Amino acid sequence: MEKTINVTLKVWRQNGPKEKGRFETYKVNKVSTDSSFLEMIDMLNEQLINENKEPVVFDHDCREGICGMCSLYINGHPHGPDEDVTTCQLHMRKFKDGQTITIEPWRSAAFPVIKDLMVDRRAFDKIIAAGGYISINTGGIPDANAIAIPKVDADEAMDSASCIGCGACVAACKNGSAMLFVSAKVSQLALLPQGRIEGARRAKAMVAKMDELGFGNCTNTGACEVECPKSISLSNIARLNREFLSAKFQD
Amino acid sequence: MSKINARIPEGPLAQKWTNYKDHQKLVNPSNKRKLDVIVIGTGLAGASAAASLGEMGFNVKSFCIQDSPRRAHSIAAQGGINAAKNYPNDGDSVFRLFYDTIKGGDYRARESNVYRLAEVSNSIIDQCVAQGVPFAREYGGLLDNRSFGGAQVSRTFYAKGQTGQQLLLGAYQALMRQVNLGSVTMHTRTELVDIVIVDGKARGIIARDLVTGELQRHFGHAVVLATGGYGNTFFLSTNAMGSNGSAAIKAYHKGAMFANPCYAQIHPTCIPVHGENQSKLTLMSESLRNDGRIWVPKKKEDSEAIRAGKLKPTQIAEEDRDYYLERRYPAFGNLVPRDVASRAAKERCDAGFGVGSGLAVYLDFKSAIDRLGEATIKARYGNLFQMYEKIVDENPYKTPMMIYPAIHYTMGGIWVDYELQTNITGLFCCGEANFSDHGANRLGASALMQGLADGYFVLPYTIQNYLADDISTKRMTTNEPEFIEAEKSVKDRFAKLMSIKGTRSVDSLHKELGLVMWDFVGMGRNKEGLKIAIEKIAAIKKEFWSNVRIPGDVVGMNVELEKASRLADFLEIGDLMARDGLNREESCGGHFREEYQTPEGEALRQDDKFAYVSCWEYKGKDVEPELHKEELVYENVKMVQRNYK
């Protein structure tokens with residue numbers, strides 16, 4: 001049988017990056033506990049449109065936890081209270097009838113608010129552009145099985161590569177550091193023989209870009225790992241530090 | 001002369017692509033940087049095309065509607081990517097992959113394109129491994145393969161249940177490398193709203209900055225559409241919320257043919273609908289059918305008891321379970337192609353054997369867990385099981401998953417020739433957005449293959465054959481009358497949408513369209529129903545243009561306006577799908593006309609009448625489109641009824 005709950009929302013509304021924001025309070029009733037959190041916001045927006053008001057702007061796309069587009073800081077947690085999920089996979093059964101839910105955007109100097117709950121995360125693209133790849137062109141490539149890669153290394157690279165680039169790590173960090181994001185990409189590529197070749201160059205370029213874009217320093221609080229919807233491990237940061245130091249020694 | 005010319009190269013099938021490349025025109029390096037190419041969309045096809053063209057030295061302008069090119073919905077593909085490597089030594093070959101794809105598409109795809117797809121498939125795997133895509137490996141360090149529907153060999157490469165993500169990130173990283181090198185300019189949160197035609201050639205686009213609402217003019221010597229499919233016409237689908245068919249409709253309005261719009265794939269393994277506020281459907285990868293067995297109770301009373309909550313699936317004895325796919329299709333069993341599996345599920349549920357809400361069947365892993373152990377199943381599908389549990393709140397290691405078919409992929413799309421060029425000169429189309437390779441039904445793990453084949457290895461060649469004649473065309477200023485005119489018509493359209501000020505939200509109208517599509521243009525179609533669909537869609541269209549409510553302003557960010565503009569286009573696509581389905585009096589692949597089936601309920605083609613690609617030409621607002629035909633000629637395979645028994 002379908003179970004429904006009523007919730008009160010305190011939602012951050014902000015017209016633009018330079019405008020002053022504020023919390024607005026809304027009530028949404030008869031929310032099925034099988035609904036996802038974003039479906040609940042869809043209900044709120046339908047309500048607002050019917051009242052001829054502007055709906056709440058938020059980022060979302062795939063709604064299956066993989067594109068990394070959805071965000072939201074819910075009751076003090078990036079992607080809300082459930083573990084190992086993005087906001088789109090958070091379901092209303094995790095909330096109680098009558099509960100008040102506070103919804104804010106990611107807050108970080110490097111991710112300015114565009115409108116309401118939507119932020120600009122292009123800084124992540126800039127970090128990848130600085131070196132988050134293997135420098136090869138299309139074509140003229142040896143057979144895929146020409147290099148054997150130990151299964152443990154490939155599996156570990158896959159774990160690091162699971163990062164969806166949502167920015168929850170930055171939002172969770174009191175310093176606004178992007179170390180978990182950067183280290184996941186550095187680790188994935190450093191673990192594979194194809195990526196080792198330019199490992200030093202990559203680590204230096206990505207870290208330099210991260211610093212330039214206004215992300216904070218890592219002080220090893222571990223909040224990023226706890227809040228990461230894809231359980232990206234802190235060991236990636238340790239590997240990045242090793243890569244970075246050895247790159248510096250080579251200079 | 002016919003407007004349809006596929007321009008298939010001469011020569012034997014296996015030599016066509018080599019011959020083409022040997023004789024095509026090329027652009028020399030110093031001229032490449034003088035040529036601008038616009039690429040719309042950054043999924044597998046768009047990102048790989050933009051990156052490859054940038055590497056070659058062209059000046060590329062890449063556009064996406066998301067906040068980053070890494071988000072496109074290719075990222076959600078779970079199961080894998082096919083290639084004819086034959087690493088498992090199980091008898092695979094380029095010809096066999098070609099043959100399986102043609103057969104899987106129910107003999108409605110173009111032979112030459114499909115053969116080329118199979119031919120370049122192996123290079124894709126090489127390319128992705130070199131990029132650092134962490135494909136699954138064996139303990140010996142070499143690549144692992146698994147099997148997918150519609151094939152008797154294991155030719156699918158995979159990266160856990162996140163193959164699309166890893167391939168897209170590979171293409172995205174290649175793209176960002178070109179952004180860093182200056183060969184690609186990236187425009188995020190920017191949507192194509194019109195295509196500009198100058199002297200009969202595609203020469204640019206009008207785009208809308210989704211943050212500011214400003215309209216922009218962009219010139220390109222050629223324009224490439226890689227904007228994905230139009231499954232969201234159904235409102236509920238496995239597509240991302242932003243996936244849309246608007247670029248295709250803009251091209252169609254400018255004269256590009258829309259081919260086979262009725263070919264939509266209904267994926268058999270999706271999580272069933274939970275209620276009316278559902279916003280999208282979540283796919284459970286087809287790879288699960290390697291180890292999961294699909295069943296419903298044999299006795300109707302058991303199904304009824306389960307639906308009433310009085311019985312649990314685990315309480316149904318083995319002999320009281322109907323593994324209907326294994327029963328009906330012993331040779332392929334649970335690995336029959338998607339269209340066959342979907343219809344079989346619908347058949348059982350319509351007959352009253354469904355579980356859950358009645359519109360669900362079981363996908364059971366018990367025998368696989370007993371045989372292989374929970375750890376092995378977890379290693380293979382862990383992330384999918386976790387996703388299922390988060391959504392449904394049930395543990396699939398302990399109780400069978402519930403699944404039901406949902407709209408997933410559209411085989412139809414913009415018509416292209418062998419060069420992936422539309423019938424508008426200079427306008428190209430690749431990936432899911434075009435119609436070319438999957439016929440009436442796509443096999444699992446072939447979408448990723450096609451997107452990357454088009455983007456890495458086909459388009460970067462064929463587009464040069466066009467651009468080589470364009471090296472002396474100067475860059476336009478975008479102040480030409482064609483650009484001004486196109487921008488004005490877009491401005492007028494948005495102003496009109498904003499002026500309606502009605503009472504219905506965009507979503508409420510979209511849901512209404514979705515229900516009509518699902519009921520009449522879904523898994524089972526018939527003449528009467530399709531006629532009803534056309535009438536109902538026209539009524540929703542009228543309601544939309546007279547009563548939609550879009551709060552806010554045309555200036556600045558306005559998500560409802562974006563959605564309204566896309567819904568206006570979905571309404572046209574829905575109409576085209578119904579018309580095409582009505583015209584095609586046969587059953588083939590994803591298109592099942594109830595009047596045309598074998599006594600066993602299998603799809604019955606009418607090869608003497610319908611062995612053609614339906615190409616629809618736009619004839620003006622509220623005027624019926626005109627049908628053109630590309631006859632399909634099969635010289636290398638014999639058309640037979642598909643048999644998976």
# chains A, B, ... in the order shown; residues from 1 in each chain; ligands from 1
$ closest_atom_pairs --of "chain A" --to "chain B" --cutoff "6 Å" --atoms "only C-alpha atoms" --output "tab-separated table"
residue	atom	partner	partner_atom	distance
A:Glu54	CA	B:Pro551	CA	5.6
A:Asp61	CA	B:Met241	CA	4.9
A:Cys62	CA	B:Ala240	CA	3.9
A:Cys67	CA	B:Arg71	CA	4.9
A:Ala129	CA	B:Met176	CA	4.6
A:Tyr133	CA	B:Gln173	CA	5.4
A:Ile134	CA	B:Gln131	CA	5.6
A:Thr138	CA	B:Ser52	CA	5.9
A:Asp143	CA	B:Asp126	CA	5.4
A:Ala144	CA	B:Asp126	CA	4.3
A:Asn145	CA	B:Leu142	CA	5.8
A:Ala148	CA	B:Gly141	CA	4.5
A:Ile149	CA	B:Gly141	CA	4.5
A:Pro150	CA	B:Gly141	CA	4.7
A:Lys151	CA	B:Tyr139	CA	5.4
A:Ala154	CA	B:Pro134	CA	5.7
A:Met158	CA	B:Pro134	CA	5.3
$ write_last_selection --atoms "C-alpha atoms" --output "PDB file, in the first residue's frame"
ATOM      1  CA  GLU A  54       8.258  30.894 -10.259  1.00  0.00           C
ATOM      2  CA  ASP A  61      19.238  15.183 -15.410  1.00  0.00           C
ATOM      3  CA  CYS A  62      19.603  11.401 -15.454  1.00  0.00           C
ATOM      4  CA  CYS A  67      25.318  11.897 -14.430  1.00  0.00           C
ATOM      5  CA  ALA A 129      41.167  20.277 -19.115  1.00  0.00           C
ATOM      6  CA  TYR A 133      43.468  12.605 -19.544  1.00  0.00           C
ATOM      7  CA  ILE A 134      45.962  10.503 -21.442  1.00  0.00           C
ATOM      8  CA  THR A 138      42.028   9.124 -32.181  1.00  0.00           C
ATOM      9  CA  ASP A 143      45.444  -3.740 -30.012  1.00  0.00           C
ATOM     10  CA  ALA A 144      43.515  -3.429 -26.757  1.00  0.00           C
ATOM     11  CA  ASN A 145      45.057  -6.663 -25.451  1.00  0.00           C
ATOM     12  CA  ALA A 148      48.063  -6.862 -19.955  1.00  0.00           C
ATOM     13  CA  ILE A 149      46.995  -5.030 -16.800  1.00  0.00           C
ATOM     14  CA  PRO A 150      46.748  -6.828 -13.459  1.00  0.00           C
ATOM     15  CA  LYS A 151      43.106  -7.251 -12.524  1.00  0.00           C
ATOM     16  CA  ALA A 154      42.225  -2.352 -13.246  1.00  0.00           C
ATOM     17  CA  MET A 158      37.669   1.510 -11.876  1.00  0.00           C
TER      18      MET A 158
END
$ select_by_dssp --residues "stretch 50-233 of chain A" --states "alpha helix (DSSP H)" --output "ChimeraX atom specification"
/A:50,122-131,151-161,168-172,179-191,193-196,199-212,223-227
$ atom_distance --atom1 "atom CA of A:His60" --atom2 "atom CA of B:Leu567"
17.8 Å
$ residues_around --residues "A:Lys96" --least-positions-apart "4" --cutoff "12 Å" --atoms "only C-alpha atoms" --output "tab-separated table (two decimals) with C-alpha atoms, in the first residue's frame"
chain	number	residue	atom	x	y	z
A	3	LYS	CA	2.17	5.52	2.21
A	4	THR	CA	2.23	9.32	2.06
A	5	ILE	CA	3.75	12.02	4.27
A	6	ASN	CA	3.49	15.80	4.59
A	7	VAL	CA	6.68	17.84	4.74
A	8	THR	CA	7.71	21.46	5.30
A	31	VAL	CA	4.12	12.83	-0.85
A	32	SER	CA	4.40	9.12	-1.57
A	33	THR	CA	7.26	7.59	0.40
A	91	HIS	CA	13.74	8.51	-1.47
A	92	MET	CA	11.10	10.09	0.69
A	100	THR	CA	11.00	20.14	8.18
A	101	ILE	CA	13.63	19.78	5.45
$ residues_around --residues "A:Ser160" --least-positions-apart "3" --cutoff "7 Å" --atoms "only C-alpha atoms" --output "number ranges by chain"
A: 156-157, 163, 184-185, 187-188, 232
$ write_last_selection --atoms "N, CA and C atoms" --output "PDB file, in the first residue's frame"
ATOM      1  N   GLU A 156      40.987  -1.357  -9.155  1.00  0.00           N
ATOM      2  CA  GLU A 156      41.198  -0.179  -8.313  1.00  0.00           C
ATOM      3  C   GLU A 156      41.032   1.103  -9.147  1.00  0.00           C
ATOM      4  N   ALA A 157      41.527   1.058 -10.372  1.00  0.00           N
ATOM      5  CA  ALA A 157      41.355   2.221 -11.264  1.00  0.00           C
ATOM      6  C   ALA A 157      39.868   2.471 -11.503  1.00  0.00           C
ATOM      7  N   CYS A 163      33.977   8.289  -9.814  1.00  0.00           N
ATOM      8  CA  CYS A 163      33.606   9.663  -9.457  1.00  0.00           C
ATOM      9  C   CYS A 163      32.683  10.240 -10.519  1.00  0.00           C
ATOM     10  N   ALA A 184      40.911  11.396  -7.415  1.00  0.00           N
ATOM     11  CA  ALA A 184      40.271  10.231  -8.028  1.00  0.00           C
ATOM     12  C   ALA A 184      40.722  10.096  -9.482  1.00  0.00           C
ATOM     13  N   LYS A 185      40.781  11.204 -10.192  1.00  0.00           N
ATOM     14  CA  LYS A 185      41.200  11.140 -11.605  1.00  0.00           C
ATOM     15  C   LYS A 185      42.695  10.852 -11.717  1.00  0.00           C
ATOM     16  N   SER A 187      44.494   9.226  -9.604  1.00  0.00           N
ATOM     17  CA  SER A 187      44.707   7.825  -9.219  1.00  0.00           C
ATOM     18  C   SER A 187      44.325   6.876 -10.339  1.00  0.00           C
ATOM     19  N   GLN A 188      43.131   7.076 -10.898  1.00  0.00           N
ATOM     20  CA  GLN A 188      42.670   6.175 -11.963  1.00  0.00           C
ATOM     21  C   GLN A 188      43.745   6.063 -13.045  1.00  0.00           C
ATOM     22  N   ILE A 232      34.038   7.308  -3.000  1.00  0.00           N
ATOM     23  CA  ILE A 232      35.430   7.467  -3.447  1.00  0.00           C
ATOM     24  C   ILE A 232      36.305   7.563  -2.184  1.00  0.00           C
TER      25      ILE A 232
END
$ residues_around --residues "B:Arg293" --least-positions-apart "2" --cutoff "10 Å" --atoms "only C-alpha atoms" --output "count of residues only"
20
$ residues_around --residues "B:Glu485" --least-positions-apart "3" --cutoff "12 Å" --atoms "only C-alpha atoms" --output "PDB file with N, CA and C atoms, in the first residue's frame"
ATOM      1  N   ASP B 194      17.704  26.865 -33.488  1.00  0.00           N
ATOM      2  CA  ASP B 194      17.405  26.802 -34.924  1.00  0.00           C
ATOM      3  C   ASP B 194      18.685  26.550 -35.706  1.00  0.00           C
ATOM      4  N   ILE B 195      18.480  26.063 -36.916  1.00  0.00           N
ATOM      5  CA  ILE B 195      19.611  25.810 -37.814  1.00  0.00           C
ATOM      6  C   ILE B 195      19.516  26.843 -38.936  1.00  0.00           C
ATOM      7  N   VAL B 196      20.658  27.438 -39.282  1.00  0.00           N
ATOM      8  CA  VAL B 196      20.646  28.485 -40.302  1.00  0.00           C
ATOM      9  C   VAL B 196      21.108  27.895 -41.628  1.00  0.00           C
ATOM     10  N   ILE B 197      20.275  28.079 -42.651  1.00  0.00           N
ATOM     11  CA  ILE B 197      20.591  27.565 -43.976  1.00  0.00           C
ATOM     12  C   ILE B 197      20.913  28.754 -44.888  1.00  0.00           C
ATOM     13  N   VAL B 198      22.075  28.719 -45.535  1.00  0.00           N
ATOM     14  CA  VAL B 198      22.439  29.773 -46.487  1.00  0.00           C
ATOM     15  C   VAL B 198      22.727  29.107 -47.828  1.00  0.00           C
ATOM     16  N   ILE B 205      23.992  28.054 -36.574  1.00  0.00           N
ATOM     17  CA  ILE B 205      22.869  27.809 -35.676  1.00  0.00           C
ATOM     18  C   ILE B 205      22.501  29.094 -34.929  1.00  0.00           C
ATOM     19  N   ILE B 206      21.270  29.087 -34.428  1.00  0.00           N
ATOM     20  CA  ILE B 206      20.875  30.050 -33.411  1.00  0.00           C
ATOM     21  C   ILE B 206      20.825  29.245 -32.113  1.00  0.00           C
ATOM     22  N   ARG B 217      24.219  33.845 -32.325  1.00  0.00           N
ATOM     23  CA  ARG B 217      24.380  33.319 -33.682  1.00  0.00           C
ATOM     24  C   ARG B 217      25.778  32.710 -33.796  1.00  0.00           C
ATOM     25  N   THR B 478      27.805  36.328 -39.466  1.00  0.00           N
ATOM     26  CA  THR B 478      26.493  36.076 -38.828  1.00  0.00           C
ATOM     27  C   THR B 478      25.601  37.319 -38.848  1.00  0.00           C
ATOM     28  N   ASN B 479      25.990  38.305 -39.651  1.00  0.00           N
ATOM     29  CA  ASN B 479      25.067  39.429 -39.856  1.00  0.00           C
ATOM     30  C   ASN B 479      24.331  39.303 -41.187  1.00  0.00           C
ATOM     31  N   GLU B 480      24.492  38.141 -41.845  1.00  0.00           N
ATOM     32  CA  GLU B 480      23.801  37.888 -43.104  1.00  0.00           C
ATOM     33  C   GLU B 480      22.304  37.795 -42.841  1.00  0.00           C
ATOM     34  N   PRO B 481      21.482  38.113 -43.848  1.00  0.00           N
ATOM     35  CA  PRO B 481      20.024  38.108 -43.649  1.00  0.00           C
ATOM     36  C   PRO B 481      19.489  36.760 -43.141  1.00  0.00           C
ATOM     37  N   GLU B 482      20.100  35.657 -43.545  1.00  0.00           N
ATOM     38  CA  GLU B 482      19.610  34.348 -43.106  1.00  0.00           C
ATOM     39  C   GLU B 482      19.731  34.189 -41.591  1.00  0.00           C
ATOM     40  N   LYS B 488      15.125  36.052 -35.663  1.00  0.00           N
ATOM     41  CA  LYS B 488      13.832  36.704 -35.459  1.00  0.00           C
ATOM     42  C   LYS B 488      12.723  35.666 -35.288  1.00  0.00           C
ATOM     43  N   SER B 489      12.745  34.624 -36.105  1.00  0.00           N
ATOM     44  CA  SER B 489      11.665  33.635 -35.993  1.00  0.00           C
ATOM     45  C   SER B 489      11.731  32.915 -34.640  1.00  0.00           C
ATOM     46  N   VAL B 490      12.944  32.703 -34.130  1.00  0.00           N
ATOM     47  CA  VAL B 490      13.081  32.077 -32.807  1.00  0.00           C
ATOM     48  C   VAL B 490      12.527  33.013 -31.731  1.00  0.00           C
ATOM     49  N   LYS B 491      12.894  34.284 -31.852  1.00  0.00           N
ATOM     50  CA  LYS B 491      12.436  35.283 -30.877  1.00  0.00           C
ATOM     51  C   LYS B 491      10.907  35.335 -30.855  1.00  0.00           C
ATOM     52  N   ASP B 492      10.311  35.319 -32.057  1.00  0.00           N
ATOM     53  CA  ASP B 492       8.850  35.362 -32.158  1.00  0.00           C
ATOM     54  C   ASP B 492       8.219  34.136 -31.502  1.00  0.00           C
TER      55      ASP B 492
END
$ atom_distance --atom1 "atom CA of B:Tyr263" --atom2 "atom CA of B:Glu586"
12.2 Å
$ residues_around --residues "A:Ala168" --least-positions-apart "3" --cutoff "6 Å" --atoms "only C-alpha atoms" --output "list in words"
Pro78, Ala171 and Ala172 of chain A
$ write_last_selection --atoms "N, CA and C atoms" --output "tab-separated table (two decimals), in the first residue's frame"
chain	number	residue	atom	x	y	z
A	78	PRO	N	25.38	17.06	1.94
A	78	PRO	CA	25.31	17.02	0.48
A	78	PRO	C	24.60	15.72	0.06
A	171	ALA	N	31.47	20.59	-1.43
A	171	ALA	CA	30.42	21.16	-0.58
A	171	ALA	C	30.55	20.67	0.85
A	172	ALA	N	31.04	19.43	1.03
A	172	ALA	CA	31.15	18.86	2.38
A	172	ALA	C	32.35	19.42	3.13
